[in-house]
Structures are given as C-alpha cells and as structure tokens.
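One structure is given here, and the rest of the page talks about it.
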Amino acid sequence: MEYTRSQQEKVVTAGDLGRSHIGQTISFQPNEFTVVFGKIAGIARTEAMVYVSLDGVGNGTHLKDEYDLPLTHEVYLPVDVLTNAESTIKDLFGKVQENLRGTGHKGEDQTDRL
C-alpha cells in the first residue's frame with residue numbers, strides 16, 4: 001500500500017512535530033501495510049525517534065494509538081488555511097501590481113508616440 005497525501009495536507013517530517021501540532025489531525029504510513037489517520041494527543045521524542053500518541057485510534061483489536069517514528073519519517077498534516085490564504089493574497093496582489101505597471105508603461109508608450 002502506498003499512501004499519497006491529499007491536496008489539503010502538507011508533508012512534515014516526524015522530527016518537526018512539536019507541541020503546536022497537538023490536537024491536529026495527522027496521517028502517515030508507519031509500515032508498508034498500514035495507513036493511520038488520527039488526532040495527535042501527545043508527542044515525545046528522543047535523539048533518534050518521535051513517539052506519537054493518537055486520540056480515537058486505539059481500543060480496536062488491530063489498532064494502535066501509539067507509534068514510534070524515525071525523525072525523518074514523513075507525516076501529513078492539514079494545510080494551514082491562514083498561511084495558505086496569506087500567501088495566495090500576496091501572490092494575487094503581486095500579479096495585480098505587475099498588471100497595473102504593465103498597463104501604465106504601455107499607455108505611456110502610446111502617448112509618447114502621439
């Protein structure tokens with residue numbers, strides 16, 4: 001099984017997880033047979049591993065609620081809507097400025113010719 005993230009998710013390495021991620025939903029593939037989706041309840045780390053505890057995943061016969069992941073293991077978190085919106089607005093504003101500058105130069109060139 002090969003899990004590919006959705007468009008609403010961003011890639012983060014397990015080593016980048018911290019207290020600001022507690023409460024967020026997470027998805028990852030701890031092994032080649034399993035994909036996990038859950039809400040982060042807690043994070044612990046050592047120099048080599050990150051331990052992720054999940055809410056709402058355990059208590060099943062085959063479901064674990066704790067996973068140990070190497071620091072470089074990729075996990076997927078929801079895209080930060082505010083940061084994403086901010087960068088989109090900045091991009092749009094830059095394009096508007098470019099278009100206005102481009103129109104202004106063309107208009108000046110045309111008036112110079114007259």
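Labels for the structure tokens follow display order: chains A, B, ..., residues from 1 in each chain, ligands from 1.
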
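For Ile26 of chain A, the non-local neighbours within 7 Å, defined as residues at least 4 positions apart in the same chain or in other chains and counting only C-alpha atoms, are Phe37, Gly38, Lys39, Ile40, Val75, Tyr76 and Leu77 of chain A.
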
File dump, residues just selected, N, CA and C atoms, as an mmCIF file, in the first residue's frame:
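Result file is again14.cif:
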```cif
data_model
loop_
_atom_site.group_PDB
_atom_site.id
_atom_site.type_symbol
_atom_site.label_atom_id
_atom_site.label_comp_id
_atom_site.auth_asym_id
_atom_site.auth_seq_id
_atom_site.Cartn_x
_atom_site.Cartn_y
_atom_site.Cartn_z
ATOM 1 N N PHE A 37 -4.800 7.385 10.380
ATOM 2 C CA PHE A 37 -5.417 8.711 10.426
ATOM 3 C C PHE A 37 -5.867 8.923 11.866
ATOM 4 N N GLY A 38 -5.517 10.032 12.461
ATOM 5 C CA GLY A 38 -5.934 10.279 13.838
ATOM 6 C C GLY A 38 -5.636 11.693 14.275
ATOM 7 N N LYS A 39 -5.963 11.976 15.519
ATOM 8 C CA LYS A 39 -5.720 13.292 16.112
ATOM 9 C C LYS A 39 -4.580 13.144 17.115
ATOM 10 N N ILE A 40 -3.594 14.020 17.023
ATOM 11 C CA ILE A 40 -2.417 13.929 17.892
ATOM 12 C C ILE A 40 -2.804 14.282 19.324
ATOM 13 N N VAL A 75 5.157 12.568 7.630
ATOM 14 C CA VAL A 75 3.774 12.535 8.093
ATOM 15 C C VAL A 75 3.040 13.665 7.384
ATOM 16 N N TYR A 76 1.723 13.614 7.416
ATOM 17 C CA TYR A 76 0.921 14.594 6.687
ATOM 18 C C TYR A 76 -0.023 15.292 7.646
ATOM 19 N N LEU A 77 0.000 16.612 7.603
ATOM 20 C CA LEU A 77 -0.846 17.452 8.444
ATOM 21 C C LEU A 77 -1.716 18.326 7.562
#
```

Checklist line | Those of segment 40-73 of chain A in DSSP strand (DSSP E or B), formatted as JSON, numbers by chain | finding: {"A": [40, 41, 42, 43, 44, 45, 49, 50, 51, 52, 53, 54, 55, 66, 67, 68, 69, 70]}

Note to self: Using only C-alpha atoms, can you tell me which of A:Tyr51, A:Tyr67, A:Phe93, A:Phe28 comes closest to Thr4 of chain A?
What the structure shows: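 Under the stated criterion, the closest residue is A:Phe28.
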
Check: Near Met1 of chain A, counting only C-alpha atoms, which residues have an atom at most 8 Å away, once you skip same-chain residues fewer than 4 positions from it, shown as a list in words?
Finding: Glu32, Phe33 and Thr34 of chain A

Next item on the list: Tell me, as a list in words, which residues lie within 10 Å of Glu47 of chain A, counting only C-alpha atoms; anything in the same chain fewer than 2 positions away does not count.
Entry: Gly15, Arg45, Met49, Val50, Pro70 and Leu71 of chain A

Go ahead and save the picked residues with C-alpha atoms, as a compact mmCIF listing (two decimals), in the first residue's frame.
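After the write, out.txt holds the following:
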```txt
# COMPACT_ATOMS: atom_id res chain seq x y z
CA GLY A 15 11.22 15.29 13.73
CA ARG A 45 10.97 12.46 21.32
CA MET A 49 12.75 8.72 17.39
CA VAL A 50 9.47 10.58 17.74
CA PRO A 70 12.20 7.86 12.88
CA LEU A 71 12.90 11.62 12.83
```

Margin query: Set the distance at 10 Å and use only C-alpha atoms: which residues neighbour Ala41 of chain A once local chain neighbours fewer than 5 positions away are removed? I'd like the list as a list in words.
Written below: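 My reading of the contact set: Arg19, His21, Ile22, Gly23, Gln24, Thr25, Val52, Ser53, Leu54, Asp55, Gly56, Asp65 and Glu66 of chain A.
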
Notebook entry, point to check: So what do you get for atom CA of Ile89 of chain A versus atom CA of Gly102 of chain A, distance-wise?
Noted result: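 Atom-to-atom, atom CA of Ile89 of chain A to atom CA of Gly102 of chain A, that is 19.7 Å.
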